[in-house]
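Visitor: Quick one, target.cif (mmCIF, C-alpha atoms):
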```cif
data_structure
#
loop_
_atom_site.label_atom_id
_atom_site.label_comp_id
_atom_site.auth_asym_id
_atom_site.auth_seq_id
_atom_site.Cartn_x
_atom_site.Cartn_y
_atom_site.Cartn_z
CA MET A 1 -42.65 -93.10 -20.88
CA ALA A 2 -43.13 -91.29 -17.56
CA TYR A 3 -40.33 -89.63 -15.66
CA ILE A 4 -40.24 -88.61 -12.01
CA PRO A 5 -38.07 -85.66 -10.98
CA LEU A 6 -35.25 -86.72 -8.70
CA ALA A 7 -36.16 -83.84 -6.41
CA ALA A 8 -39.59 -85.38 -5.93
CA LEU A 9 -37.95 -88.61 -4.79
CA GLY A 10 -35.90 -86.77 -2.19
CA VAL A 11 -32.72 -88.19 -3.69
CA LEU A 12 -29.32 -86.58 -3.15
CA VAL A 13 -27.77 -86.66 -6.60
CA ALA A 14 -24.08 -87.50 -7.01
CA GLY A 15 -23.63 -87.51 -3.26
CA VAL A 16 -24.20 -83.77 -2.95
CA ALA A 17 -25.75 -82.72 0.33
CA GLY A 18 -27.06 -79.35 1.40
CA ILE A 19 -28.32 -78.16 -1.97
CA PRO A 20 -29.33 -74.48 -1.66
CA GLU A 21 -33.05 -73.76 -1.56
CA GLN A 22 -33.20 -72.15 -5.01
CA ALA A 23 -30.85 -74.68 -6.65
CA GLN A 24 -31.31 -78.13 -8.13
CA PHE A 25 -28.92 -80.72 -9.52
CA ILE A 26 -29.55 -81.68 -13.15
CA ASP A 27 -28.52 -85.28 -13.82
CA GLN A 28 -27.22 -85.28 -17.39
CA LYS A 29 -27.25 -89.08 -17.61
CA ALA A 30 -31.04 -88.91 -17.27
CA PHE A 31 -31.33 -87.48 -20.77
CA ASN A 32 -28.44 -89.15 -22.60
CA VAL A 33 -31.05 -91.44 -24.12
CA LEU A 34 -34.56 -90.10 -24.76
CA PRO A 35 -37.62 -92.16 -25.76
CA SER A 36 -37.98 -89.94 -28.83
CA VAL A 37 -36.00 -87.04 -30.30
CA PRO A 38 -38.03 -84.51 -32.34
CA PRO A 39 -36.87 -83.32 -35.78
CA PRO A 40 -35.15 -79.93 -36.19
CA SER A 41 -38.37 -78.43 -37.52
CA GLU A 42 -39.88 -79.01 -34.07
CA PHE A 43 -36.93 -78.56 -31.72
CA ASN A 44 -33.79 -76.52 -32.42
CA LEU A 45 -31.68 -73.70 -31.02
CA THR A 46 -34.74 -71.47 -30.63
CA ASN A 47 -36.19 -73.84 -28.03
CA ILE A 48 -35.44 -74.40 -24.35
CA PHE A 49 -34.64 -77.96 -23.32
CA VAL A 50 -36.67 -79.27 -20.40
CA PRO A 51 -35.03 -82.41 -18.95
CA PRO A 52 -37.15 -85.57 -18.59
CA GLY A 53 -39.32 -85.56 -15.49
CA TYR A 54 -39.43 -81.78 -15.25
CA GLU A 55 -41.92 -79.17 -16.28
CA LEU A 56 -40.87 -75.66 -17.27
CA ALA A 57 -42.32 -74.42 -13.97
CA ASP A 58 -39.92 -76.73 -12.08
CA LEU A 59 -36.95 -75.10 -13.80
CA HIS A 60 -38.22 -71.64 -12.85
CA GLU A 61 -38.97 -72.59 -9.25
CA LYS A 62 -35.34 -73.48 -8.57
CA PRO A 63 -33.46 -71.36 -11.13
CA PHE A 64 -29.89 -72.29 -10.23
CA HIS A 65 -29.26 -75.48 -12.20
CA VAL A 66 -26.21 -77.44 -11.13
CA TYR A 67 -24.58 -79.56 -13.86
CA ASP A 68 -21.27 -80.00 -12.06
CA GLU A 69 -20.42 -79.80 -8.36
CA GLU A 70 -18.00 -76.92 -9.00
CA PHE A 71 -21.05 -74.72 -9.55
CA TYR A 72 -21.72 -74.82 -5.80
CA ASP A 73 -18.53 -72.76 -5.32
CA ILE A 74 -20.10 -70.05 -7.45
CA LEU A 75 -23.53 -70.22 -5.86
CA GLY A 76 -22.53 -70.16 -2.22
CA PRO A 77 -24.93 -71.33 0.51
CA ASN A 78 -27.94 -69.20 -0.42
CA PRO A 79 -28.14 -67.96 -4.02
CA THR A 80 -31.18 -65.87 -4.90
CA LEU A 81 -32.74 -64.58 -8.11
CA THR A 82 -34.99 -61.50 -8.12
CA LEU A 83 -37.00 -59.95 -10.92
CA ILE A 84 -36.32 -56.26 -10.25
CA ALA A 85 -37.80 -54.51 -13.29
CA ASN A 86 -40.11 -55.07 -16.24
CA SER A 87 -40.66 -52.86 -19.28
CA GLY A 88 -44.44 -53.22 -18.99
CA SER A 89 -44.65 -53.84 -22.74
CA ASP A 90 -42.80 -55.62 -25.55
CA ASP A 91 -40.17 -52.87 -25.58
CA PRO A 92 -36.78 -54.56 -24.91
CA ILE A 93 -35.29 -51.81 -22.75
CA PHE A 94 -32.99 -54.21 -20.86
CA HIS A 95 -30.72 -55.46 -23.61
CA GLU A 96 -26.94 -55.05 -23.40
CA ALA A 97 -24.03 -52.86 -22.22
CA VAL A 98 -24.47 -53.91 -18.58
CA VAL A 99 -21.75 -52.14 -16.58
CA TRP A 100 -21.36 -51.60 -12.84
CA TYR A 101 -19.91 -48.20 -11.93
CA PRO A 102 -18.62 -48.52 -8.32
CA PRO A 103 -18.12 -44.80 -7.48
CA THR A 104 -21.90 -44.25 -7.58
CA ASN A 105 -22.85 -47.92 -7.12
CA GLU A 106 -25.02 -47.82 -10.21
CA VAL A 107 -25.49 -50.28 -13.06
CA PHE A 108 -25.82 -49.00 -16.62
CA PHE A 109 -27.39 -50.82 -19.58
CA CYS A 110 -29.07 -50.04 -22.90
CA GLN A 111 -32.18 -50.68 -24.93
CA ASN A 112 -32.23 -53.03 -27.92
CA ALA A 113 -31.34 -51.19 -31.15
CA GLY A 114 -33.30 -52.35 -34.16
CA ALA A 115 -36.10 -54.06 -32.25
CA PRO A 116 -39.49 -53.54 -33.97
CA ALA A 117 -41.26 -53.31 -30.61
CA ALA A 118 -39.00 -50.42 -29.63
CA GLY A 119 -39.02 -48.61 -32.96
CA THR A 120 -35.29 -48.12 -32.54
CA GLY A 121 -32.59 -48.42 -35.16
CA LEU A 122 -33.02 -46.28 -38.24
CA GLU A 123 -35.67 -43.80 -37.07
CA LYS A 124 -34.53 -43.30 -33.49
CA SER A 125 -31.66 -44.42 -31.31
CA ALA A 126 -31.81 -46.90 -28.48
CA ILE A 127 -31.24 -45.29 -25.08
CA VAL A 128 -28.89 -45.76 -22.14
CA GLN A 129 -30.40 -46.34 -18.68
CA LYS A 130 -29.27 -47.14 -15.17
CA ILE A 131 -30.39 -48.43 -11.77
CA SER A 132 -29.12 -48.08 -8.23
CA LEU A 133 -27.41 -51.26 -7.02
CA ASP A 134 -28.37 -50.29 -3.46
CA GLU A 135 -32.03 -50.54 -4.45
CA ALA A 136 -31.47 -53.94 -6.08
CA GLU A 137 -29.58 -55.19 -3.03
CA ALA A 138 -32.43 -54.13 -0.75
CA VAL A 139 -34.85 -56.54 -2.47
CA ALA A 140 -32.42 -59.42 -3.09
CA ASN A 141 -34.35 -61.67 -0.67
CA GLN A 142 -37.52 -61.40 -2.80
CA ARG A 143 -38.39 -63.33 -5.95
CA HIS A 144 -40.50 -60.54 -7.46
CA ALA A 145 -39.70 -56.88 -6.74
CA VAL A 146 -40.89 -55.01 -9.83
CA GLY A 147 -41.56 -51.38 -8.95
CA LYS A 148 -39.10 -51.29 -6.09
CA VAL A 149 -36.04 -50.55 -8.22
CA LYS A 150 -36.30 -47.38 -10.27
CA VAL A 151 -35.00 -47.29 -13.84
CA HIS A 152 -33.48 -43.96 -14.87
CA VAL A 153 -32.83 -42.72 -18.41
CA VAL A 154 -29.29 -41.41 -18.99
CA ASP A 155 -29.42 -38.38 -21.27
CA ALA A 156 -26.01 -38.70 -22.87
CA ASN A 157 -24.80 -35.52 -24.58
CA PRO A 158 -24.13 -35.88 -27.46
CA PRO A 159 -26.16 -39.13 -27.51
CA VAL A 160 -24.65 -42.58 -27.99
CA ILE A 161 -26.30 -43.63 -31.25
CA ASN A 162 -27.68 -47.16 -30.90
CA PRO A 163 -25.45 -48.36 -28.04
CA ASN A 164 -24.76 -52.05 -27.63
CA GLY A 165 -21.66 -53.20 -25.71
CA ALA A 166 -19.83 -51.33 -22.96
CA THR A 167 -17.09 -51.62 -20.37
CA ASN A 168 -15.45 -49.54 -17.63
CA TYR A 169 -12.73 -47.29 -18.99
CA LYS A 170 -10.52 -44.81 -17.11
CA GLY A 171 -13.20 -43.86 -14.63
CA ASN A 172 -15.81 -43.60 -17.38
CA ILE A 173 -17.82 -46.07 -19.46
CA LEU A 174 -16.79 -46.95 -23.01
CA PHE A 175 -19.68 -47.80 -25.34
CA ALA A 176 -19.79 -49.55 -28.70
CA ALA A 177 -22.30 -47.52 -30.73
CA GLU A 178 -23.70 -49.32 -33.78
CA GLY A 179 -24.50 -46.12 -35.67
CA GLN A 180 -27.51 -45.26 -37.80
CA GLY A 181 -28.01 -45.25 -41.55
CA ASP A 182 -25.27 -44.35 -44.01
CA ASP A 183 -24.04 -41.17 -42.38
CA LYS A 184 -23.98 -41.86 -38.63
CA THR A 185 -21.05 -44.21 -38.44
CA SER A 186 -20.39 -46.90 -35.86
CA GLU A 187 -17.95 -45.77 -33.16
CA LEU A 188 -16.48 -46.22 -29.70
CA ILE A 189 -17.75 -43.49 -27.36
CA ILE A 190 -16.64 -42.54 -23.85
CA LEU A 191 -19.53 -41.63 -21.52
CA ASN A 192 -19.10 -39.71 -18.29
CA PRO A 193 -21.25 -41.76 -15.85
CA ARG A 194 -22.14 -38.62 -13.88
CA LYS A 195 -24.18 -35.62 -14.93
CA PRO A 196 -24.06 -33.97 -17.42
CA TYR A 197 -23.31 -37.40 -19.03
CA ASN A 198 -21.04 -35.81 -21.63
CA THR A 199 -19.60 -38.04 -24.31
CA THR A 200 -16.40 -38.12 -26.39
CA VAL A 201 -15.71 -40.21 -29.48
CA LEU A 202 -12.63 -42.42 -29.06
CA VAL A 203 -12.53 -44.21 -32.45
CA ASN A 204 -14.89 -44.00 -35.44
CA ASN A 205 -13.09 -45.50 -38.44
CA PHE A 206 -10.56 -47.97 -39.74
CA PHE A 207 -8.24 -45.89 -41.96
CA GLY A 208 -11.17 -43.89 -43.29
CA ARG A 209 -13.61 -46.79 -43.62
CA GLN A 210 -16.76 -47.12 -41.53
CA PHE A 211 -17.01 -50.01 -39.12
CA ASN A 212 -19.95 -52.30 -39.77
CA SER A 213 -21.86 -52.34 -36.49
CA LEU A 214 -19.62 -52.31 -33.42
CA ASN A 215 -20.94 -54.74 -30.84
CA ASP A 216 -18.91 -55.40 -27.70
CA ILE A 217 -15.72 -54.36 -25.93
CA ALA A 218 -13.19 -55.78 -23.48
CA ILE A 219 -9.92 -54.48 -22.10
CA ASN A 220 -7.02 -56.86 -21.74
CA PRO A 221 -5.86 -56.67 -18.10
CA ARG A 222 -2.26 -57.32 -19.14
CA ASN A 223 -1.56 -54.78 -21.88
CA LYS A 224 -4.57 -52.48 -21.20
CA ASP A 225 -5.43 -52.33 -24.90
CA VAL A 226 -9.07 -52.06 -26.00
CA TYR A 227 -10.39 -54.98 -28.06
CA PHE A 228 -13.77 -54.87 -29.78
CA THR A 229 -15.97 -56.87 -32.15
CA ASP A 230 -17.61 -55.76 -35.39
CA PRO A 231 -20.38 -57.99 -36.78
CA ILE A 232 -23.17 -56.75 -39.10
CA TYR A 233 -26.24 -56.78 -36.85
CA GLY A 234 -27.04 -53.18 -37.78
CA ARG A 235 -27.47 -54.32 -41.37
CA LEU A 236 -29.31 -57.49 -40.32
CA GLN A 237 -31.73 -55.29 -38.38
CA GLU A 238 -31.98 -52.83 -41.27
CA PHE A 239 -30.50 -49.68 -39.76
CA ARG A 240 -26.95 -49.86 -41.17
CA PRO A 241 -25.73 -50.13 -44.79
CA THR A 242 -24.12 -53.11 -46.47
CA GLU A 243 -20.84 -53.85 -44.74
CA GLY A 244 -17.59 -52.44 -46.06
CA LEU A 245 -15.24 -54.52 -43.90
CA PRO A 246 -14.90 -58.19 -42.95
CA HIS A 247 -16.51 -59.34 -39.70
CA GLN A 248 -13.48 -58.81 -37.48
CA VAL A 249 -12.10 -58.29 -33.99
CA TYR A 250 -10.00 -55.14 -33.51
CA ARG A 251 -7.32 -53.99 -31.10
CA TYR A 252 -6.83 -50.35 -30.16
CA ASN A 253 -3.86 -48.87 -28.32
CA ASP A 254 -5.07 -45.58 -26.88
CA LYS A 255 -1.53 -44.42 -26.14
CA THR A 256 -0.35 -44.54 -29.74
CA GLY A 257 -3.67 -44.56 -31.61
CA ALA A 258 -2.66 -47.80 -33.34
CA LEU A 259 -5.64 -49.81 -34.62
CA SER A 260 -5.21 -53.35 -35.92
CA VAL A 261 -7.12 -56.57 -36.59
CA VAL A 262 -6.47 -59.53 -34.28
CA ALA A 263 -9.04 -62.03 -35.60
CA ASP A 264 -11.22 -62.61 -38.62
CA TRP A 265 -13.00 -65.56 -40.25
CA HIS A 266 -15.83 -65.29 -37.75
CA SER A 267 -19.42 -65.30 -38.94
CA GLN A 268 -20.69 -62.75 -36.39
CA PRO A 269 -18.08 -61.93 -33.71
CA ASN A 270 -20.10 -60.77 -30.73
CA GLY A 271 -19.28 -61.02 -27.02
CA ILE A 272 -15.65 -60.71 -25.95
CA ALA A 273 -13.81 -61.33 -22.67
CA PHE A 274 -10.34 -62.04 -21.31
CA SER A 275 -9.08 -64.49 -18.72
CA PRO A 276 -7.98 -62.84 -15.44
CA GLY A 277 -4.31 -62.73 -16.45
CA GLY A 278 -5.06 -61.68 -20.02
CA GLY A 279 -3.47 -64.79 -21.52
CA HIS A 280 -6.65 -66.02 -23.20
CA ALA A 281 -9.35 -64.23 -25.17
CA TYR A 282 -12.87 -65.53 -25.66
CA ILE A 283 -15.15 -64.60 -28.56
CA ALA A 284 -18.82 -65.49 -28.91
CA ASP A 285 -19.69 -66.12 -32.55
CA THR A 286 -23.44 -65.75 -33.03
CA GLY A 287 -23.69 -66.50 -36.74
CA ALA A 288 -26.66 -68.77 -36.13
CA GLN A 289 -28.74 -65.65 -35.37
CA GLY A 290 -29.35 -63.59 -38.47
CA GLY A 291 -31.52 -60.81 -37.07
CA PHE A 292 -34.40 -60.05 -39.44
CA TRP A 293 -32.97 -62.68 -41.80
CA GLY A 294 -33.89 -65.45 -39.38
CA VAL A 295 -32.05 -68.35 -37.82
CA ASN A 296 -29.45 -70.57 -39.48
CA ALA A 297 -29.14 -73.65 -37.28
CA THR A 298 -25.89 -74.67 -38.99
CA GLY A 299 -24.23 -71.35 -38.15
CA PRO A 300 -22.09 -70.95 -35.03
CA ALA A 301 -23.65 -70.50 -31.61
CA THR A 302 -20.18 -70.99 -30.28
CA ILE A 303 -17.57 -69.57 -27.92
CA TYR A 304 -14.00 -69.66 -29.23
CA ARG A 305 -10.82 -69.27 -27.22
CA TYR A 306 -7.55 -67.73 -28.40
CA ASP A 307 -4.11 -67.60 -26.85
CA VAL A 308 -2.96 -64.01 -26.37
CA SER A 309 0.75 -63.57 -26.98
CA ASP A 310 2.91 -61.25 -24.91
CA ASP A 311 2.80 -58.75 -27.78
CA GLY A 312 -1.02 -58.70 -27.67
CA THR A 313 -1.65 -60.65 -30.87
CA TRP A 314 -3.96 -63.68 -30.95
CA ASN A 315 -3.31 -67.22 -32.13
CA ASN A 316 -4.32 -70.86 -31.69
CA ARG A 317 -8.08 -70.48 -32.05
CA GLN A 318 -9.95 -73.33 -30.36
CA THR A 319 -13.62 -74.23 -30.02
CA PHE A 320 -14.46 -73.73 -26.36
CA ALA A 321 -18.22 -74.34 -26.10
CA TYR A 322 -21.36 -74.67 -28.21
CA VAL A 323 -24.48 -73.63 -26.34
CA SER A 324 -27.64 -75.70 -26.00
CA SER A 325 -30.20 -72.90 -26.27
CA GLY A 326 -30.05 -69.79 -28.41
CA ILE A 327 -26.69 -68.16 -28.97
CA PRO A 328 -23.90 -67.10 -26.58
CA ASP A 329 -23.98 -63.32 -26.58
CA GLY A 330 -22.36 -61.29 -23.80
CA LEU A 331 -19.36 -62.91 -22.07
CA HIS A 332 -17.83 -62.25 -18.65
CA ILE A 333 -15.20 -64.06 -16.60
CA ASP A 334 -14.81 -64.34 -12.83
CA THR A 335 -11.56 -64.25 -10.87
CA LYS A 336 -11.23 -68.04 -11.14
CA GLY A 337 -11.30 -67.85 -14.94
CA ARG A 338 -14.79 -69.33 -15.26
CA ILE A 339 -16.69 -68.16 -18.33
CA TYR A 340 -20.27 -66.85 -18.13
CA ALA A 341 -22.41 -66.31 -21.24
CA GLY A 342 -25.84 -64.85 -21.85
CA CYS A 343 -27.79 -67.52 -23.76
CA GLY A 344 -31.31 -68.45 -24.83
CA ASP A 345 -32.31 -69.77 -21.41
CA GLY A 346 -30.35 -67.44 -19.13
CA VAL A 347 -26.71 -67.32 -18.04
CA ASN A 348 -24.60 -70.44 -18.68
CA VAL A 349 -21.29 -71.03 -16.88
CA TRP A 350 -18.24 -73.12 -17.81
CA ASN A 351 -14.89 -73.70 -16.17
CA PRO A 352 -11.69 -73.06 -18.19
CA ALA A 353 -11.67 -76.72 -19.31
CA GLY A 354 -15.00 -76.17 -21.09
CA THR A 355 -17.09 -78.15 -18.60
CA LEU A 356 -20.63 -76.81 -18.25
CA LEU A 357 -20.92 -76.09 -14.54
CA GLY A 358 -24.46 -74.77 -14.39
CA LYS A 359 -27.07 -72.30 -15.48
CA ILE A 360 -28.87 -69.36 -13.95
CA PHE A 361 -32.18 -70.20 -15.56
CA ILE A 362 -34.60 -67.41 -16.42
CA GLY A 363 -36.45 -69.18 -19.23
CA GLU A 364 -35.75 -66.39 -21.72
CA THR A 365 -32.87 -64.86 -23.60
CA SER A 366 -30.23 -62.84 -21.81
CA ALA A 367 -28.11 -60.91 -24.29
CA ASN A 368 -25.91 -59.58 -21.53
CA PHE A 369 -25.32 -59.25 -17.78
CA ASN A 370 -22.47 -58.28 -15.49
CA PHE A 371 -21.02 -58.69 -12.04
CA ALA A 372 -21.97 -55.93 -9.63
CA GLY A 373 -21.05 -55.37 -6.01
CA GLU A 374 -20.27 -58.27 -3.68
CA GLY A 375 -21.55 -61.47 -5.29
CA GLY A 376 -24.14 -59.67 -7.39
CA LEU A 377 -25.05 -60.30 -11.02
CA VAL A 378 -27.38 -58.00 -12.95
CA ILE A 379 -29.01 -59.89 -15.83
CA ALA A 380 -30.62 -58.08 -18.76
CA ALA A 381 -33.36 -60.09 -20.47
CA GLU A 382 -34.93 -57.68 -22.97
CA THR A 383 -38.24 -56.88 -21.24
CA ASN A 384 -37.10 -58.08 -17.81
CA LEU A 385 -34.20 -57.20 -15.52
CA TYR A 386 -32.97 -59.65 -12.86
CA TYR A 387 -30.61 -59.47 -9.91
CA ALA A 388 -28.86 -62.65 -8.78
CA LYS A 389 -26.89 -63.04 -5.56
CA LEU A 390 -24.08 -65.57 -5.64
CA ALA A 391 -21.13 -66.40 -3.38
CA SER A 392 -19.58 -63.25 -1.95
CA THR A 393 -16.17 -64.34 -3.28
CA ILE A 394 -17.34 -64.09 -6.91
CA ALA A 395 -15.99 -61.03 -8.69
CA SER A 396 -15.03 -60.35 -12.25
CA GLY A 397 -12.30 -57.77 -12.28
CA ALA A 398 -14.33 -56.07 -15.01
CA TYR A 399 -13.97 -52.75 -13.25
CA ILE A 400 -10.54 -51.50 -14.27
CA SER A 401 -10.00 -48.03 -12.89
CA ASP A 402 -6.40 -47.59 -14.00
CA VAL A 403 -6.61 -48.57 -17.67
#
```
Spell out the structure here as structure tokens.
Guide:
Amino acid sequence: MAYIPLAALGVLVAGVAGIPEQAQFIDQKAFNVLPSVPPPSEFNLTNIFVPPGYELADLHEKPFHVYDEEFYDILGPNPTLTLIANSGSDDPIFHEAVVWYPPTNEVFFCQNAGAPAAGTGLEKSAIVQKISLDEAEAVANQRHAVGKVKVHVVDANPPVINPNGATNYKGNILFAAEGQGDDKTSELIILNPRKPYNTTVLVNNFFGRQFNSLNDIAINPRNKDVYFTDPIYGRLQEFRPTEGLPHQVYRYNDKTGALSVVADWHSQPNGIAFSPGGGHAYIADTGAQGGFWGVNATGPATIYRYDVSDDGTWNNRQTFAYVSSGIPDGLHIDTKGRIYAGCGDGVNVWNPAGTLLGKIFIGETSANFNFAGEGGLVIAAETNLYYAKLASTIASGAYISDV
């Protein structure tokens, strides 16, 4: 059966006029029924779905995919997507810990720990890097600007051993370090974002026991406590020992030093984010991705939502979204409470009701990303780094200077 793209017919879908130049409306009814559906051995979570009537090149040409009209509020009149850096090899130097630091207008991120192409993990640590947001902004009207945005290595001292997640913290950046081998434990580390990039360990144990492989961090805007996830990806990528704790989500009160568990029974708790008022917490469970152990298609590739009580505890876990490609990794939330996740095909966006609003399609995995500047979004995609420009009203509140 042949399909013709609606765009080729010049049709205005769902009555929407004035679609931005780099956007396209994806009609979900067009693929509710397919002429044939391949078996899981041929098509599964490791694949990217190309809707009927489209080629992969069509999805790249107009990378802002609108699934619901609310997505136009996020995109604004002229969204753009720019490839700003490339590793020049298979080395995944643009992986996670994407954080905008407004005082210097720089964006920090880290290399993939445990990636064979990088040689990181057990023998050497992944590194922290940064770019100038001013340089990214200067090329935002281009589709390809590799070489015009310089990538700088951040020589943290002492180094952050195998960094992964990060967030702004009291004028600094707080990293989740996965650790290395038996003796270099997983820990939360504060990095001074300015030279000499000195670091201080904030937390490195749970009552004398090593964490498994700390992954990501978020600060609740209501109680200012630090919440972080602890899956076992260090073990699954063969640079951390067998786990000694359940796969849990922790809460840390830096005023009292109190450390407690707020959630367990997750397969691999990964990305974490809070709603703008702090009343809901979101956790990405990436149990479907087993690192060197391979993919388990029956495992979760799921975002869960919790209610956060006034006392900071979590309850009423609900399934929020299951993603269509890859796993949901890093999570961030805008000021309207809309949830963004790095997935197997780019950045997917839902409203608080769980409706898929749209995708920023890059055709490859984004483990993490973050809001930066006015309407900016820096997207890490392993060997590629992208800069998206959205509506100027989009902001995340992720920069918390008074925590």
Visitor: A:Val50, A:Gln142, A:Gly291, A:Phe71: which is nearest Leu390 in chain A, counting all atoms listed in the file?
Guide: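 Nearest to Leu390 in chain A: A:Phe71.
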Visitor: Just checking: using all atoms listed in the file, which residue out of A:Ala341, A:Ala281, A:Ala136, A:Ile84 ends up closest to Thr302 in chain A?
Guide: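 Answer, going by the shortest atom-to-atom distance: A:Ala341.
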Visitor: With a distance cut-off of 8 Å and all atoms listed in the file, select the neighbouring residues of Asn205 in chain A, excluding the residue or stretch itself and same-chain residues fewer than 6 positions from it, and output the selection as a compact mmCIF listing (two decimals) with C-alpha atoms, in the coordinates of the input.
Guide:
```txt
# COMPACT_ATOMS: atom_id res chain seq x y z
CA SER A 186 -20.39 -46.90 -35.86
CA GLU A 187 -17.95 -45.77 -33.16
CA PHE A 211 -17.01 -50.01 -39.12
```
Visitor: Once the PyMOL selection byres ((chain A and resi 98-114) around 9) is applied to the coordinates I shared, what remains selected? I want it as a PyMOL selection string.
Guide: chain A and resi 91-97+115-122+124-134+154+162-168+171-173+178+193-194+233-234+236-239+368-373+378-380+382+398-399
Visitor: Got a sec: who's within 6 Å of range 324-330 of chain A, counting all atoms listed in the file, leaving out chain neighbours fewer than 5 positions off, as a PDB file with C-alpha atoms, in the coordinates of the input?
Guide:
```pdb
ATOM      1  CA  LEU A  45     -31.680 -73.700 -31.020  1.00  0.00           C
ATOM      2  CA  THR A  46     -34.740 -71.470 -30.630  1.00  0.00           C
ATOM      3  CA  ILE A  48     -35.440 -74.400 -24.350  1.00  0.00           C
ATOM      4  CA  GLY A 271     -19.280 -61.020 -27.020  1.00  0.00           C
ATOM      5  CA  ALA A 284     -18.820 -65.490 -28.910  1.00  0.00           C
ATOM      6  CA  THR A 286     -23.440 -65.750 -33.030  1.00  0.00           C
ATOM      7  CA  ALA A 301     -23.650 -70.500 -31.610  1.00  0.00           C
ATOM      8  CA  ALA A 341     -22.410 -66.310 -21.240  1.00  0.00           C
ATOM      9  CA  GLY A 342     -25.840 -64.850 -21.850  1.00  0.00           C
ATOM     10  CA  CYS A 343     -27.790 -67.520 -23.760  1.00  0.00           C
ATOM     11  CA  GLY A 344     -31.310 -68.450 -24.830  1.00  0.00           C
ATOM     12  CA  ALA A 367     -28.110 -60.910 -24.290  1.00  0.00           C
ATOM     13  CA  ASN A 368     -25.910 -59.580 -21.530  1.00  0.00           C
TER      14      ASN A 368
END
```
Visitor: What is the distance between CA of Phe228 in chain A and CA of Val153 in chain A, in Å to one decimal?
Guide: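 CA of Phe228 in chain A sits 25.3 Å away from CA of Val153 in chain A.
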Visitor: Ranking A:Thr355, A:Asn47, A:Asn32, A:Asn270 by minimum distance to Asp68 in chain A and counting only C-alpha atoms, which one comes first?
Guide: A:Thr355
Visitor: Around the point (-33.9, -75.8, -14.8) in the file's coordinates, collect all residues with an atom within 6 Å, using only C-alpha atoms, and return them as a compact mmCIF listing (two decimals) with C-alpha atoms, in the coordinates of the input.
Guide:
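What landed in out17.txt:
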```txt
# COMPACT_ATOMS: atom_id res chain seq x y z
CA LEU A 59 -36.95 -75.10 -13.80
CA PRO A 63 -33.46 -71.36 -11.13
CA HIS A 65 -29.26 -75.48 -12.20
CA PHE A 361 -32.18 -70.20 -15.56
```
Visitor: Emit as AutoDock Vina command-line options the padded axis-aligned box for all listed atoms of range 120-131 of chain A, 5 Å per side, with centre and edge lengths in Å to one decimal.
Guide:
```
--center_x -32.3 --center_y -45.9 --center_z -25.0 --size_x 16.8 --size_y 15.1 --size_z 36.5
```
Visitor: For each of A:Ala288, A:Val347, A:Ile232, A:Val33, take the minimum atom-to-atom distance to Leu81 in chain A, counting all atoms listed in the file, then give the residue where this is smallest.
Guide: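 Ranked by minimum distance to Leu81 in chain A, first place goes to A:Val347.
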Visitor: Within 8 Å of Asn351 in chain A, counting all atoms listed in the file, which residues qualify if same-chain residues fewer than 5 places away don't, as a list in words?
Guide: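 These residues fall inside the cut-off: Gly337, Arg338, Ile339, Leu356 and Leu357 of chain A.
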Visitor: Do you have, as JSON lines, the list of residues of range 33-88 of chain A lying at most 6 Å from range 16-27 of chain A, each with its nearest atom pair and that distance in Å to one decimal, counting all atoms listed in the file and ordered by chain then number?
Guide:
```
{"residue": "A:Lys62", "atom": "CA", "partner": "A:Gln22", "partner_atom": "CA", "distance": 4.4}
{"residue": "A:Phe64", "atom": "CA", "partner": "A:Ala23", "partner_atom": "CA", "distance": 4.4}
{"residue": "A:His65", "atom": "CA", "partner": "A:Gln24", "partner_atom": "CA", "distance": 5.3}
{"residue": "A:Val66", "atom": "CA", "partner": "A:Phe25", "partner_atom": "CA", "distance": 4.5}
{"residue": "A:Tyr67", "atom": "CA", "partner": "A:Ile26", "partner_atom": "CA", "distance": 5.4}
{"residue": "A:Pro77", "atom": "CA", "partner": "A:Pro20", "partner_atom": "CA", "distance": 5.8}
{"residue": "A:Asn78", "atom": "CA", "partner": "A:Pro20", "partner_atom": "CA", "distance": 5.6}
```
